[in-house]
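Single-structure report; data block below.
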Amino acid sequence: MDPAEAVHERFRARVALGDFPGRAAAALPEGLTPEKLVEMYGSQVLSRQLDRVARALQARGEGFYTIGSSGHEGMAAVAEAFRVGDMAFLHYRDAAFQIQRARKLPGQTPAWDMLLSFAASAEDPISGGRHKVLGSKPLFIPPQTSTIASHLPKAMGAAYAVGLAKQLQAPGRVLADDAVILASFGDASANHSTAQGAINAACWTAFQGGAMPIVFVCEDNGIGISVRTPRGWIEAAFSGRPALKYIPCCGLDLVETWSAAREAAAYARRHRRPVFLHMGCVRLYGHAGSDVQAAYLSKEEIERAEAGDPLLRSAGLLTGLGVLTPAEALAIYDDTGETVRRIAEEAIARPKLTTAAEVMASLIPPPRAPAPTNGPSPEARQAAFAGEFAALDKPAHMAKLINWALTDLMLAHDEIVLAGEDIGAKGGVYNVTAKLAQRFGTRRVINTLLDEQSILGLALGMAHNGLLPIPEIQFLAYLHNAEDQLRGEASTLSFFSEGQFTNPMVLRLAGLGYQKGFGGHFHNDNSVAVLRDIPGIVVACPSNGADAVAMLRESVRLAREEQRVVVFLEPIALYMTRDLHAEKDGQWTFPYDAPGEGREIRLGQVGVHGAGEDLAIVSYANGYYLSRQAEKILAERHGVASRVIDLRWLAPLDFSEIVGAIGPARRVLIVDECRITGSQSEALMAGLIEHTPGLPVSRVAAEDSFIPLGRAATVTLPSRDGIVAAALAAVGAEPKRRSVRA
C-alpha cells in the first residue's frame, strides 16, 4: 500500500476505536480555548489531506514536486502563537502554519491557493505557477524554495531591520515596530553553514546588546532524507549558545507546542533577543516524491514514526477533553478530505503557464514610486563633507569619487544603509568608505562580522522592511562563499512571488585583477561568471571615477524605483589610478559632479572614446583602461584608427547599444580581462555574430588560470602590448616599431 494511504487507514481505524497515543487529557492552559483547539486540529487535518491529494495528483500527472508536511502539523500551533504581521520564513513542510495563519485573516482560501500551486496553475496567488511554494503577501509569508536553510540569513536580516527601520523612521517599512521574525527549518539543515552562520550572526548581535527579535524553529524529525541526526545533537549544539534562549517542545502535542511557541514569541517580542524553539516531530511518507523509506529505515522505525502521528495525538487530546467525540474528530477528517478532492479537480483545470514570456513576466520586479526625497540644504551638505568640501571641484581618483557619491546618496535618501566588514572606522580595505560612519553614524554604516552569507542576508532582510541596503563584499572571490544568497534568494524572490515580494539592493563588490603586490587569486579574482548567469540581476562595472559616480546613482535609482538587485563591481586596481599614458598626466582622475549636475549613465548605456573605423575595441574596467593606452599607440605608431567602447554594464548586455557604438567600424576586437572560459567575451562574440553577421570579431582574454602573487600577477592577463598586437593582427597590419611592454 502507498505509505500515505497506510497512514490514512491507520488513522481512521484508531480514531474509530478510540485508540490514541500520547498523554492523558488535561486542562487547557490560560489563553487556549476548546474552540481554538478544534480550529488548530482542522488546520492540521487540511494540511494532511492536501498532502494526500498532492501525491494523488502527481501520480496522475496533474501535480508536481511533492514534499509533504505530514508529521509536522504541529506548526499549526506555532502559527497560532504569532501575529499575522510577524513575517515568517518557512520550512517547506509548514503547510499547517500557513493554513492556521490564514484563519486569522478574513477572506483567505488556503486550500484553493495551495492546490493551484500543486497544479502549477498560472492562477497560483503566490508564484503564478512557477514553483510549489508556501507563501502569501497578506499573511507576511515570503515564498521560500530553499531546502538547505538559505532563507535563515535574510530572516536574521529582517529581524535586525525591525528596530533599525524604526530608528531611521524608514518611510517604506512594513513590519510593526514590535514585530518578531520567524524562521523554520529542519534538523538536517541546521548543520548547513548557511544556518550556522545566520544563527551565529543573530547571537553575535544580541550578545553585544543589539536588537534581534527572531525565533528560529527547528523542526526535528531526526532524519535528513536518509541521513540520521544523532539523538540529542540539536539540543547539544544549540541549547548553550550565548544570547540564544533555548525552548524545547514536543511538536506532536498541540497544547505543549502552542505553549512553547507562545513563550518563544513573547520572549523575542519583549526582550528583542533570539530564541531557538526546538520542536520534536516525525516524518511520515519519506522525504519527498518517490522516496522509499524502506530502503534505509527498518519496518520497526517506520511504524514507530507512524505511531507518533500528530493527528492521532490531537484527536486523542480533543476526545479526552470531551471537546469532540471520536466520530466527530473522524467526520472533520473525512469531510475535509472530500472537500480537498473536489477543489483539486477544479484547480487542475485552471490555466497554466504556456510561453516563455509568461514564465519570465515576474523575473524583473514591478516599478514602484519610492518615497519622495528632498535633497539636503547646501549648509547640510557642506557640514557632511566638512574638510573635504573644498576638494569636491578638484579631480580625484575612483575610490574618492565613489566615497563622495555615497555621501550624497546617503544625504538624499535616509533609507540607505551600508553594511560590510571593516567599512566603519577603518573605511574599508581600500578606504572607499572612509569617514562615512563619522558622517552618518553606526546605524547607517554597519560594521558586520566576517561572514559573507550573513552580510548579504542582512541586506536582503533589511530590504524586506523598507530600507535600501548597500552591502559590501571585500573581494570578488569572497562572494563565492555566499553566492547562493544572490542566486537562490535575492534574484528569485520577485520571480517566485509574482513581484509581490522584492529585495532591492546595491551590492558593492571590489574585484578583478591587476593589483600589484597584494593577494594572489583571492584578492585578484577575474571570474565574473558567478554573476553573469543569474537571471534578473544587474551587473555594473565602471572603468573610471566619473562613470562610477553616474553609474552608482543609476544603480540606486534602479533599486529605489525599479526594485532591482544590482551588483556594483569595482575594479580594485583602478581605485587609486591617476595616470593613463604617462606618469603624472592625471588623465584617470576626474572632477566630481554634484547631484543634478553632469551626465547620467542609464542602464545599458555604453561609453565610446574615439571615432576610428578601422577597428572597434570592446572592453570594460581594466581592459578598457589598457585599451585606451593601446588605442593611442595604434594611432600614433601604426596609423590604425580605432574607437574604444566601454561596456559599463555587464548584465544585461544591450546589444542595440553595443552595435550602435561599433557603428561603421570594419572589425571588432574584444578585450576581456576575465578568463577565456566563462568570460564576458563568450557572450559578446556570440551576440555580435547574431547581431552583426559577417563582421570580423576576435578577442583577447585572460588565460584559464588563477592569478598568482608578485611579479607574475599579470602574466596571464591581457596587457597593453598584447592588445596592440591583437589589434594589428585583426586589421592585417605589421607592427611598424617594437613597443614597450606595459
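Ligands are numbered from 1 in the order shown, chains are lettered A, B, ... in the order of the C-alpha cells, and residues start at 1 in each chain.
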Within 8 Å of segment 174-181 of chain A: each segment 69-158 of chain A residue with its shortest pair, only C-alpha atoms, as a tab-separated table:
residue	atom	partner	partner_atom	distance
A:Gly85	CA	A:Leu175	CA	6.6
A:Asp86	CA	A:Val180	CA	5.1
A:Met87	CA	A:Ile181	CA	5.2
A:Ala88	CA	A:Ile181	CA	6.0
A:Phe89	CA	A:Ile181	CA	7.9
A:Ala155	CA	A:Ile181	CA	6.7
A:Met156	CA	A:Ile181	CA	7.9
A:Ala158	CA	A:Ile181	CA	7.0
Quick one: contact table of segment 485-554 of chain A to segment 572-584 of chain A, 9 Å max, nearest atom pair and distance in Å to one decimal per residue, counting only C-alpha atoms, chain and number order, as a Markdown table?
| residue | atom | partner | partner_atom | distance |
| --- | --- | --- | --- | --- |
| A:Ala510 | CA | A:Ile572 | CA | 5.8 |
| A:Gly511 | CA | A:Ile572 | CA | 5.6 |
| A:Leu512 | CA | A:Ile572 | CA | 6.7 |
| A:Gly513 | CA | A:Ala573 | CA | 6.8 |
| A:Tyr514 | CA | A:Ala573 | CA | 5.6 |
| A:Gln515 | CA | A:Ala573 | CA | 5.0 |
| A:Lys516 | CA | A:Ala573 | CA | 7.8 |
| A:Asn524 | CA | A:Ile572 | CA | 8.6 |
| A:Ser543 | CA | A:Leu574 | CA | 7.3 |
| A:Asn544 | CA | A:Leu574 | CA | 7.2 |
| A:Gly545 | CA | A:Tyr575 | CA | 8.0 |
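Running DSSP on the backbone and keeping only alpha helix (DSSP H), the residues of segment 212-298 of chain A that qualify are Trp233, Ile234, Glu235, Ala236, Ala237, Phe238, Leu254, Val255, Glu256, Thr257, Trp258, Ser259, Ala260, Ala261, Arg262, Glu263, Ala264, Ala265, Ala266, Tyr267, Ala268, Arg269, Arg270 and His271 of chain A.
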Next, the residues of the selection above should be written as a tab-separated table (two decimals), in the first residue's frame with N, CA, C and O atoms.
chain	number	residue	atom	x	y	z
A	233	TRP	N	21.64	15.64	19.34
A	233	TRP	CA	22.58	16.54	18.69
A	233	TRP	C	22.09	17.99	18.67
A	233	TRP	O	22.83	18.91	18.98
A	234	ILE	N	20.84	18.21	18.28
A	234	ILE	CA	20.34	19.58	18.16
A	234	ILE	C	20.35	20.27	19.52
A	234	ILE	O	20.79	21.42	19.64
A	235	GLU	N	19.90	19.59	20.54
A	235	GLU	CA	19.92	20.20	21.88
A	235	GLU	C	21.35	20.52	22.30
A	235	GLU	O	21.64	21.62	22.80
A	236	ALA	N	22.26	19.58	22.09
A	236	ALA	CA	23.65	19.81	22.48
A	236	ALA	C	24.27	20.96	21.70
A	236	ALA	O	25.08	21.73	22.24
A	237	ALA	N	23.89	21.09	20.44
A	237	ALA	CA	24.51	22.09	19.58
A	237	ALA	C	23.97	23.49	19.81
A	237	ALA	O	24.68	24.48	19.56
A	238	PHE	N	22.74	23.61	20.29
A	238	PHE	CA	22.12	24.93	20.34
A	238	PHE	C	21.63	25.36	21.72
A	238	PHE	O	21.33	26.55	21.91
A	254	LEU	N	-0.29	19.42	20.50
A	254	LEU	CA	-0.74	20.76	20.17
A	254	LEU	C	-0.62	21.73	21.34
A	254	LEU	O	-0.17	22.86	21.18
A	255	VAL	N	-1.01	21.29	22.51
A	255	VAL	CA	-1.01	22.18	23.67
A	255	VAL	C	0.42	22.53	24.07
A	255	VAL	O	0.76	23.70	24.31
A	256	GLU	N	1.29	21.54	24.13
A	256	GLU	CA	2.67	21.81	24.51
A	256	GLU	C	3.36	22.70	23.48
A	256	GLU	O	4.11	23.62	23.83
A	257	THR	N	3.09	22.45	22.20
A	257	THR	CA	3.70	23.26	21.15
A	257	THR	C	3.20	24.69	21.21
A	257	THR	O	3.98	25.65	21.10
A	258	TRP	N	1.91	24.87	21.39
A	258	TRP	CA	1.34	26.21	21.49
A	258	TRP	C	1.94	26.96	22.68
A	258	TRP	O	2.31	28.14	22.55
A	259	SER	N	2.05	26.30	23.80
A	259	SER	CA	2.60	26.95	24.99
A	259	SER	C	4.05	27.35	24.79
A	259	SER	O	4.47	28.46	25.15
A	260	ALA	N	4.84	26.46	24.18
A	260	ALA	CA	6.25	26.76	23.94
A	260	ALA	C	6.41	27.87	22.92
A	260	ALA	O	7.25	28.77	23.07
A	261	ALA	N	5.60	27.83	21.86
A	261	ALA	CA	5.68	28.86	20.83
A	261	ALA	C	5.24	30.21	21.37
A	261	ALA	O	5.83	31.26	21.03
A	262	ARG	N	4.22	30.22	22.22
A	262	ARG	CA	3.78	31.48	22.82
A	262	ARG	C	4.88	32.06	23.70
A	262	ARG	O	5.13	33.26	23.70
A	263	GLU	N	5.56	31.18	24.46
A	263	GLU	CA	6.67	31.63	25.28
A	263	GLU	C	7.79	32.21	24.42
A	263	GLU	O	8.37	33.26	24.74
A	264	ALA	N	8.07	31.53	23.31
A	264	ALA	CA	9.14	32.00	22.42
A	264	ALA	C	8.80	33.35	21.81
A	264	ALA	O	9.65	34.27	21.77
A	265	ALA	N	7.57	33.49	21.32
A	265	ALA	CA	7.16	34.75	20.72
A	265	ALA	C	7.18	35.88	21.73
A	265	ALA	O	7.65	37.00	21.43
A	266	ALA	N	6.69	35.61	22.92
A	266	ALA	CA	6.66	36.65	23.96
A	266	ALA	C	8.06	37.07	24.37
A	266	ALA	O	8.34	38.26	24.57
A	267	TYR	N	8.96	36.11	24.50
A	267	TYR	CA	10.33	36.43	24.90
A	267	TYR	C	11.02	37.28	23.83
A	267	TYR	O	11.65	38.30	24.13
A	268	ALA	N	10.90	36.86	22.57
A	268	ALA	CA	11.54	37.61	21.49
A	268	ALA	C	10.95	39.00	21.36
A	268	ALA	O	11.67	39.98	21.10
A	269	ARG	N	9.65	39.12	21.57
A	269	ARG	CA	8.99	40.42	21.42
A	269	ARG	C	9.36	41.35	22.58
A	269	ARG	O	9.58	42.54	22.39
A	270	ARG	N	9.44	40.80	23.76
A	270	ARG	CA	9.72	41.63	24.94
A	270	ARG	C	11.19	41.99	25.06
A	270	ARG	O	11.56	43.13	25.32
A	271	HIS	N	12.06	41.00	24.85
A	271	HIS	CA	13.49	41.22	25.09
A	271	HIS	C	14.27	41.57	23.82
A	271	HIS	O	15.44	41.95	23.91
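Coordinates place atom CA of Val7 of chain A at a distance of 14.6 Å from atom CA of Ala315 of chain A.
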